[in-house]
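protein_2.cif follows (mmCIF, C-alpha atoms and all ligand atoms):
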data_structure
#
loop_
_atom_site.label_atom_id
_atom_site.label_comp_id
_atom_site.auth_asym_id
_atom_site.auth_seq_id
_atom_site.Cartn_x
_atom_site.Cartn_y
_atom_site.Cartn_z
CA MET A 1 -50.67 41.54 -25.68
CA SER A 2 -51.69 40.03 -28.99
CA GLN A 3 -54.44 37.46 -29.07
CA SER A 4 -53.04 34.02 -29.94
CA PRO A 5 -54.90 32.21 -32.70
CA THR A 6 -56.69 29.02 -31.75
CA ARG A 7 -55.39 25.64 -32.90
CA GLU A 8 -58.35 25.44 -35.30
CA GLU A 9 -57.18 28.67 -36.92
CA LEU A 10 -53.65 27.35 -37.33
CA LEU A 11 -54.47 23.94 -38.83
CA PRO A 12 -54.56 22.54 -41.38
CA VAL A 13 -51.98 24.25 -43.57
CA SER A 14 -51.21 24.17 -47.25
CA THR A 15 -47.98 23.16 -48.89
CA GLY A 16 -46.16 26.34 -49.85
CA ASN A 17 -43.65 26.69 -47.05
CA ARG A 18 -40.00 26.01 -46.57
CA CYS A 19 -37.95 24.40 -43.82
CA LEU A 20 -37.27 27.08 -41.23
CA PHE A 21 -33.62 26.11 -40.91
CA CYS A 22 -32.32 24.79 -44.23
CA GLY A 23 -34.91 26.29 -46.57
CA ALA A 24 -35.84 22.94 -48.19
CA ALA A 25 -39.24 22.98 -49.88
CA ASP A 26 -40.09 19.42 -48.90
CA TRP A 27 -40.92 20.02 -45.27
CA THR A 28 -42.33 17.08 -43.34
CA TRP A 29 -43.19 18.45 -39.89
CA VAL A 30 -45.14 21.38 -38.55
CA TYR A 31 -44.41 22.89 -35.15
CA LEU A 32 -47.05 25.13 -33.63
CA LEU A 33 -45.53 28.11 -31.86
CA GLY A 34 -48.41 29.01 -29.58
CA ASN A 35 -46.43 30.05 -26.49
CA GLU A 36 -45.31 33.62 -26.08
CA PRO A 37 -43.12 33.99 -23.01
CA ASP A 38 -42.46 37.58 -21.92
CA TRP A 39 -38.84 37.59 -23.04
CA VAL A 40 -39.90 36.50 -26.53
CA GLN A 41 -42.57 39.19 -26.70
CA GLN A 42 -39.96 41.79 -25.85
CA LEU A 43 -37.82 40.99 -28.88
CA ASP A 44 -38.05 43.43 -31.76
CA TRP A 45 -38.83 40.62 -34.21
CA SER A 46 -41.14 37.63 -34.17
CA LEU A 47 -41.71 34.31 -35.87
CA SER A 48 -45.04 33.25 -37.31
CA TRP A 49 -47.30 30.78 -35.48
CA HIS A 50 -45.92 27.83 -37.45
CA ALA A 51 -42.47 26.45 -38.03
CA PHE A 52 -42.02 24.02 -40.92
CA LEU A 53 -39.12 21.56 -40.73
CA CYS A 54 -37.68 18.97 -43.10
CA ASP A 55 -36.82 15.48 -41.83
CA ALA A 56 -33.12 16.25 -41.39
CA CYS A 57 -33.68 19.45 -39.41
CA HIS A 58 -36.47 17.83 -37.41
CA ASP A 59 -34.00 15.09 -36.36
CA LEU A 60 -31.42 17.69 -35.29
CA TYR A 61 -34.03 19.68 -33.42
CA GLU A 62 -35.44 16.64 -31.59
CA ARG A 63 -31.90 15.59 -30.70
CA GLY A 64 -31.27 19.04 -29.21
CA ASP A 65 -28.39 19.68 -31.61
CA ASP A 66 -28.88 23.44 -31.81
CA GLU A 67 -25.32 24.15 -32.90
CA THR A 68 -25.74 22.04 -36.04
CA LEU A 69 -29.09 23.70 -36.75
CA VAL A 70 -27.40 27.08 -36.58
CA ARG A 71 -24.73 25.90 -39.02
CA VAL A 72 -27.36 24.43 -41.36
CA TYR A 73 -29.10 27.79 -41.33
CA LEU A 74 -25.90 29.73 -41.99
CA ASP A 75 -25.10 27.38 -44.91
CA GLN A 76 -28.11 28.67 -46.84
CA PRO A 77 -27.10 30.74 -49.87
CA GLU A 78 -28.18 34.06 -48.37
CA PRO A 79 -28.86 33.72 -44.64
CA GLU A 80 -30.64 36.78 -43.29
CA ALA A 81 -29.37 36.37 -39.75
CA ASP A 82 -25.84 36.18 -38.40
CA GLU A 83 -24.64 33.45 -36.07
CA ASP A 84 -25.81 35.06 -32.82
CA GLN A 85 -29.17 35.85 -34.26
CA ALA A 86 -29.55 32.33 -35.62
CA ARG A 87 -28.71 30.92 -32.20
CA GLN A 88 -31.32 33.11 -30.55
CA TRP A 89 -33.78 32.10 -33.24
CA VAL A 90 -33.47 28.42 -32.28
CA ARG A 91 -34.01 29.36 -28.62
CA VAL A 92 -37.14 31.27 -29.58
CA VAL A 93 -38.56 28.31 -31.49
CA ARG A 94 -37.99 26.07 -28.47
CA ALA A 95 -39.54 28.59 -26.09
CA ARG A 96 -42.56 29.09 -28.31
CA GLN A 97 -43.24 25.46 -29.22
CA SER A 98 -46.64 24.67 -27.74
CA GLU A 99 -47.15 20.98 -28.55
CA PRO A 100 -45.32 18.01 -30.10
CA PRO A 101 -44.54 18.36 -33.82
CA ILE A 102 -47.24 17.27 -36.25
CA PRO A 103 -46.39 15.04 -39.25
CA ARG A 104 -47.15 16.61 -42.61
CA ALA A 105 -49.86 14.09 -43.50
CA ASP A 106 -51.85 15.14 -40.42
CA ALA A 107 -51.22 18.86 -40.90
CA VAL A 108 -52.09 19.61 -44.52
CA VAL A 109 -55.48 20.16 -46.11
CA PRO A 110 -56.64 16.64 -47.08
CA GLY A 111 -55.84 15.99 -50.74
CA VAL A 112 -53.48 18.90 -51.33
CA ASP A 113 -50.37 16.71 -51.58
CA ASN A 114 -52.22 14.59 -54.08
CA LEU A 115 -52.76 17.62 -56.32
CA ALA A 116 -49.05 18.32 -56.20
CA ARG A 117 -48.31 14.73 -57.23
CA GLN A 118 -50.55 15.28 -60.26
CA GLY A 119 -48.51 18.34 -61.22
CA PHE A 120 -50.81 21.06 -59.85
CA THR A 121 -49.55 23.80 -57.52
CA PRO A 122 -51.86 25.53 -55.04
CA ILE A 123 -52.45 29.01 -56.41
CA GLU A 124 -51.70 30.56 -53.02
CA ASN A 125 -48.14 29.24 -53.26
CA LEU A 126 -47.69 31.26 -56.44
CA THR A 127 -49.48 34.55 -55.92
CA GLY A 128 -51.66 36.46 -53.48
CA ALA A 129 -54.16 36.90 -56.31
CA CYS A 130 -55.85 33.55 -55.63
CA GLU A 131 -58.94 34.61 -57.59
CA LEU A 132 -56.92 33.94 -60.75
CA ALA A 133 -57.63 30.22 -60.23
CA VAL A 134 -61.31 30.82 -60.87
CA VAL A 135 -60.57 32.05 -64.42
CA TRP A 136 -57.71 29.63 -65.07
CA PRO A 137 -58.32 27.28 -68.05
CA GLU A 138 -60.29 24.33 -66.72
CA GLU A 139 -58.02 21.62 -68.10
CA HIS A 140 -55.09 23.19 -66.26
CA ARG A 141 -56.61 23.50 -62.83
CA ARG A 142 -57.97 21.23 -60.11
CA SER A 143 -59.68 21.94 -56.83
CA ILE A 144 -60.48 20.15 -53.60
CA PRO A 145 -62.85 21.10 -50.78
CA GLU A 146 -61.40 23.87 -48.64
CA VAL A 147 -61.37 23.28 -44.90
CA ARG A 148 -59.46 26.30 -43.58
CA SER A 149 -61.79 28.80 -41.97
CA TRP A 150 -59.98 31.91 -43.23
CA ALA A 151 -60.04 30.65 -46.80
CA LEU A 152 -63.70 29.64 -46.56
CA GLU A 153 -64.50 33.27 -45.82
CA ASP A 154 -63.26 34.28 -49.27
CA GLU A 155 -66.40 33.93 -51.40
CA VAL A 156 -64.50 34.21 -54.67
CA LEU A 157 -62.81 30.88 -53.96
CA GLN A 158 -66.18 29.11 -53.70
CA GLY A 159 -65.15 26.93 -50.79
CA ARG A 160 -62.43 25.23 -52.81
CA LEU A 161 -58.64 25.06 -52.59
CA TRP A 162 -57.42 25.65 -56.13
CA ALA A 163 -54.27 24.34 -57.77
CA VAL A 164 -53.03 25.13 -61.25
CA ARG A 165 -50.38 24.26 -63.80
CA PRO A 166 -49.02 26.47 -66.60
CA PRO A 167 -51.57 26.70 -69.43
CA TRP A 168 -48.94 26.02 -72.12
CA PRO A 169 -46.50 23.11 -72.23
CA GLY A 170 -42.89 24.06 -71.51
CA TRP A 171 -43.81 27.27 -69.67
CA THR A 172 -42.62 27.78 -66.12
CA PHE A 173 -44.75 29.64 -63.60
CA ASP A 174 -42.19 32.41 -63.82
CA ASP A 175 -42.97 32.76 -67.53
CA VAL A 176 -46.71 32.62 -66.88
CA PHE A 177 -46.70 35.39 -64.29
CA ILE A 178 -44.30 37.70 -66.14
CA TYR A 179 -46.62 37.35 -69.13
CA LEU A 180 -49.77 37.73 -67.09
CA TRP A 181 -48.71 40.80 -65.10
CA SER A 182 -47.54 42.48 -68.29
CA VAL A 183 -51.08 42.14 -69.65
CA VAL A 184 -53.19 42.96 -66.60
CA ASP A 185 -51.14 45.70 -64.95
CA ASP A 186 -53.03 48.37 -66.88
CA TYR A 187 -56.31 47.49 -65.20
CA GLN A 188 -57.16 48.92 -61.78
CA GLU A 189 -60.76 47.91 -61.50
CA PRO A 190 -60.95 44.33 -60.08
CA LYS A 191 -63.55 42.99 -62.51
CA GLN A 192 -61.70 44.39 -65.53
CA TRP A 193 -58.45 43.08 -64.13
CA LEU A 194 -59.85 39.58 -63.76
CA ASP A 195 -61.48 39.65 -67.20
CA ALA A 196 -58.16 40.66 -68.74
CA ALA A 197 -56.42 37.84 -66.85
CA ALA A 198 -59.03 35.33 -68.03
CA LYS A 199 -58.50 36.39 -71.63
CA ALA A 200 -54.72 36.28 -71.27
CA LEU A 201 -54.79 32.79 -69.75
CA HIS A 202 -56.88 31.49 -72.62
CA ALA A 203 -54.73 33.08 -75.34
CA ASP A 204 -53.02 31.06 -78.07
CA GLU A 205 -49.56 30.05 -77.12
CA SER A 206 -47.86 31.95 -79.96
CA GLU A 207 -49.64 35.15 -78.98
CA ALA A 208 -48.75 34.64 -75.32
CA ARG A 209 -45.15 33.83 -76.25
CA ASP A 210 -44.79 37.09 -78.22
CA GLN A 211 -46.13 39.08 -75.30
CA LEU A 212 -43.83 37.25 -72.87
CA GLU A 213 -40.82 38.09 -75.01
CA ARG A 214 -41.85 41.74 -75.19
CA ALA A 215 -42.31 41.82 -71.41
CA ARG A 216 -38.93 40.17 -70.84
CA SER A 217 -37.11 42.56 -73.17
CA ARG A 218 -38.74 45.55 -71.45
CA SER A 219 -37.62 44.34 -68.03
CA ASP A 220 -34.06 43.84 -69.32
CA MET A 221 -33.76 47.47 -70.30
ZN ZN B 301 -34.35 21.59 -43.07
#

Can I see the file as structure tokens?
Ligand SMILES: [Zn+2]
Amino acid sequence: MSQSPTREELLPVSTGNRCLFCGAADWTWVYLLGNEPDWVQQLDWSLSWHAFLCDACHDLYERGDDETLVRVYLDQPEPEADEDQARQWVRVVRARQSEPPIPRADAVVPGVDNLARQGFTPIENLTGACELAVVWPEEHRRSIPEVRSWALEDEVLQGRLWAVRPPWPGWTFDDVFIYLWSVVDDYQEPKQWLDAAAKALHADESEARDQLERARSRSDM
């Protein structure tokens, strides 16, 4: 049997999640799924320890309207589960729910929503390479004290939760990362990789734009 994480390991959370049922990015409730009844453990799939819900789905869930939740799920552009699976999925969430839902404001790292309001996105929502934030141009990044134990263990992050915005006006994060990966992919050694990323993120816009266009035309071929 797997060891359940403690509540302290599960909270707080950051912002980069979607509503479990409708897929909306602006989730407002966190459900902790700390129970693992035998029948759930015997399934050949599992949910994570959190479920994030938007206001609308939270209302349906609290009302016990599972049929509507299933329909909301199936209305997503590309639902991964069929109707029976979606129905079982709702049952699993209910069976695993281990305490009352927690409002977003009480569940997120203090200050992280404020960064988002200022136009900065937590780096972990964008890429697993969170160390990029450390070399991101200073005027395009912010940080707040980290409180999550697992993230505090990562020395590179210096005990901070980092959020960034694209270094050039008019660029989307999609542009930024296509550009960036096209520059750093040649480097295997972590220090060289990060140095190359630092240089790329501080490049002139015209230079970066040329490289982005080259990278885009290569991927079109
Ligand atoms: Zn929803």

Quiz item: Expressed in Å to a single decimal, how great is the separation between atom CA of Ser143 of chain A and atom CA of Leu115 of chain A?
Solution: 8.2 Å

Counting all atoms listed in the file, name the residues that have an atom within 10 Å of an atom of ligand ZN 301 (chain B); the answer should be given as a PDB file with C-alpha atoms, in the frame of the given file.
ATOM      1  CA  ARG A  18     -40.000  26.010 -46.570  1.00  0.00           C
ATOM      2  CA  CYS A  19     -37.950  24.400 -43.820  1.00  0.00           C
ATOM      3  CA  LEU A  20     -37.270  27.080 -41.230  1.00  0.00           C
ATOM      4  CA  PHE A  21     -33.620  26.110 -40.910  1.00  0.00           C
ATOM      5  CA  CYS A  22     -32.320  24.790 -44.230  1.00  0.00           C
ATOM      6  CA  GLY A  23     -34.910  26.290 -46.570  1.00  0.00           C
ATOM      7  CA  ALA A  24     -35.840  22.940 -48.190  1.00  0.00           C
ATOM      8  CA  ALA A  25     -39.240  22.980 -49.880  1.00  0.00           C
ATOM      9  CA  ASP A  26     -40.090  19.420 -48.900  1.00  0.00           C
ATOM     10  CA  TRP A  27     -40.920  20.020 -45.270  1.00  0.00           C
ATOM     11  CA  THR A  28     -42.330  17.080 -43.340  1.00  0.00           C
ATOM     12  CA  TRP A  29     -43.190  18.450 -39.890  1.00  0.00           C
ATOM     13  CA  PHE A  52     -42.020  24.020 -40.920  1.00  0.00           C
ATOM     14  CA  LEU A  53     -39.120  21.560 -40.730  1.00  0.00           C
ATOM     15  CA  CYS A  54     -37.680  18.970 -43.100  1.00  0.00           C
ATOM     16  CA  ASP A  55     -36.820  15.480 -41.830  1.00  0.00           C
ATOM     17  CA  ALA A  56     -33.120  16.250 -41.390  1.00  0.00           C
ATOM     18  CA  CYS A  57     -33.680  19.450 -39.410  1.00  0.00           C
ATOM     19  CA  HIS A  58     -36.470  17.830 -37.410  1.00  0.00           C
ATOM     20  CA  ASP A  59     -34.000  15.090 -36.360  1.00  0.00           C
ATOM     21  CA  LEU A  60     -31.420  17.690 -35.290  1.00  0.00           C
ATOM     22  CA  TYR A  61     -34.030  19.680 -33.420  1.00  0.00           C
ATOM     23  CA  LEU A  69     -29.090  23.700 -36.750  1.00  0.00           C
ATOM     24  CA  VAL A  72     -27.360  24.430 -41.360  1.00  0.00           C
ATOM     25  CA  TYR A  73     -29.100  27.790 -41.330  1.00  0.00           C
TER      26      TYR A  73
END

Quiz item: What separation in Å, quoted to one decimal, exists between atom CA of Ala198 of chain A and atom CA of Ala151 of chain A?
Solution: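 About the pair atom CA of Ala198 of chain A and atom CA of Ala151 of chain A: they are 21.8 Å apart.
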
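Around Val70 of chain A, within 9 Å and counting all atoms listed in the file, the residues found are A:Phe21, A:Glu83, A:Asp84, A:Ala86, A:Arg87, A:Trp89, A:Val90, once anything fewer than 6 positions away on its own chain is removed.
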
Quiz item: Contacts of Ala107 of chain A at 10 Å or less, counting only C-alpha atoms, minus same-chain residues fewer than 6 places along, as a ChimeraX atom specification?
Solution: /A:10-15,28-31,101

Quiz item: What separation in Å, quoted to one decimal, exists between atom CA of Arg148 of chain A and atom CA of Trp49 of chain A?
Solution: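 That distance, rounded to one decimal, is 15.3 Å.
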
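With only C-alpha atoms as the atoms that count, the residue of A:Arg63, A:Arg71, A:Arg165, A:Arg96 with the shortest distance to Arg117 of chain A is A:Arg165.
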
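Residues lying within 10 Å of Arg218 of chain A, counting only C-alpha atoms and ignoring same-chain neighbours fewer than 5 positions away, are Ser182, Leu212 and Glu213 of chain A.
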
Self-check item: Nearby residues (all atoms listed in the file) at most 9 Å from segment 199-202 of chain A, same-chain spacing under 2 positions excluded, as number ranges by chain
Solution: A: 135-137, 167, 176, 179-180, 183-184, 194-197, 204-205, 208

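With only C-alpha atoms as the atoms that count, the minimum distance from Asn114 of chain A to the choices A:Ala163, A:Leu74, A:Val134, A:Leu126 is reached by A:Ala163.
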
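Distances from A:Val93, A:Ala51, A:Leu157, A:Ala133 to Pro37 of chain A were compared using only C-alpha atoms, and the smallest one belongs to A:Val93.
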
Quiz item: So which residues touch segment 128-130 of chain A within 9 Å, counting all atoms listed in the file, skipping near sequence neighbours fewer than 5 positions away, as a ChimeraX atom specification?
Solution: /A:122-123,156-157,162
